[in-house]
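For reference, the structure discussed in these notes is given below.
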Amino acid sequence: STMIPGSALYHVVEAMAPLYTAAVLGYASVRWLKAFSDEQCAGINHFVALYAAPVLTFHMVATNDPYRMNGRLIAADTLQKAVIIVFLKAGAALWSRFRHRRGGDGKASARSSTSLKWVVTNFSSATLTNTLIMGVPLLNGMYGAVSGGLIAQIVMMQVCVWFNVVIVLYQYMSPQDGIVKIGPGSSPATVAENIEVMEAAAATASSATQDSTTREMTTKSKDGGVTTAAEEAVDVPGPEPAHAPSVMLVLRMAGKKLYKIPNTYATFLGLLWSLIAFRLGISLPKIVDDSLSIISTTAVGLSMFASGTFIARQPRFVPCGYAIASLSMVLKFLVGPVVMLFTSLAMGLRGTLLHIAVVQAALPLAVISFVYAEEYKVHADIMSTGVILGIFISLPVTIIYYILLGT
């Protein structure tokens, strides 16, 4: 049958309602009750990025059996994300070139940074899904218990690989923009390192100018001539525009920062533990597991709460505007699943496995995506809209995909 039982739909609503409870509470707390300042809202978001999300990541990775991964599903998922990011990068390059030819202003480095921001945002919108919260009840209702293990594998790839890819790109962009970013897990030393990157770029751009000025002043002194400040100013060429840091320099900086991000350690330790635990048949002591659970369970609720507080602080309910919100929904619910369909077919997926792969790609945007977008100040308005609107839209969309695939 291609219809979902009523009880399954109820389980999906059961999963959705608590998310909206947290978001509405966050919205009301700021918009009407004035209970939190901007700094306090940022603190809540920072807690999720620094502690709750990494602990949730560890828990998800540590409890997934790495020896029973479905190779074709993982290959299809990886290929889908690779195809989308290549397509988005090519599109951004063409758009940047078109704007430049039309006489658009701005330096090449600024255009590059802006286009990369859009690539990362659109990639997140199209591919990062709320698999854990929405996916498990929805797909269990559609396809039964077989979907649970497959969903866990998608979650593991997302938290192990793709969230870290997005975080690295955020870190890569922050020195390009000259932002002294105190990110998750960073310290005053990180801020100092960022100022080294920007100073190095400025020093490279101005070193030739300073050398020529010094040589000119020395020559005039040897000739015995007296030069005034005004005369000297005429001879000194104006400062050249600062160039962006070299790609290798910024990548090196992003790599160093990655070692200070809690999510990186959570991923590595979770994977290491799962390899040991499932090989030897052991599990975490209950005292450790409960200690981790009490923190990890706050991640999703506080993420939705933070998303609600963010929207409450904006001048309109859809902060990014309806046009961009619509584009985000098209990427999420059309581009992502359709590309997943083709990559799954290319990897040889058929039957129920193919259906699960496509339907999970139509799940709403991952809540944690907003947390990191807000933490790094990159299109948080689009991410918050994607999370909240996406949860409403996903239920009818996934049902449509379910029916289409089942016919």
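Residue numbering restarts at 1 in every chain; chains get A, B, ... in the order shown in the structure tokens, and ligands count up from 1 in that same order.
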### Query
If you count only C-alpha atoms, which residues fall within 10 Å of region 263-274 of chain A, apart from same-chain ones fewer than 4 positions away, as an NGL selection string?
:A and (49-67 or 156 or 159-161 or 163-164 or 167 or 184-185 or 258-259 or 278-284)
#### Entry: For region 112-127 of chain A: contacts at 6 Å, only C-alpha atoms, fewer than 3 positions along chain excluded, given as a VMD selection string
chain A and resid 88 92 109 331 to 332 336
### Query
If you count only C-alpha atoms, which residues fall within 9 Å of region 299-311 of chain A, apart from same-chain ones fewer than 2 positions away, as a ChimeraX atom specification?
/A:18-31,36,38,41-42,44-45,47-49,51-56,133,295-297,313-319,367-368,370-371,374,380-381,383-385,387-388
### Message
Report, in Å to a single decimal, how far apart CA of Pro262 (chain A) and CA of Ser174 (chain A) are.
### Response
17.9 Å
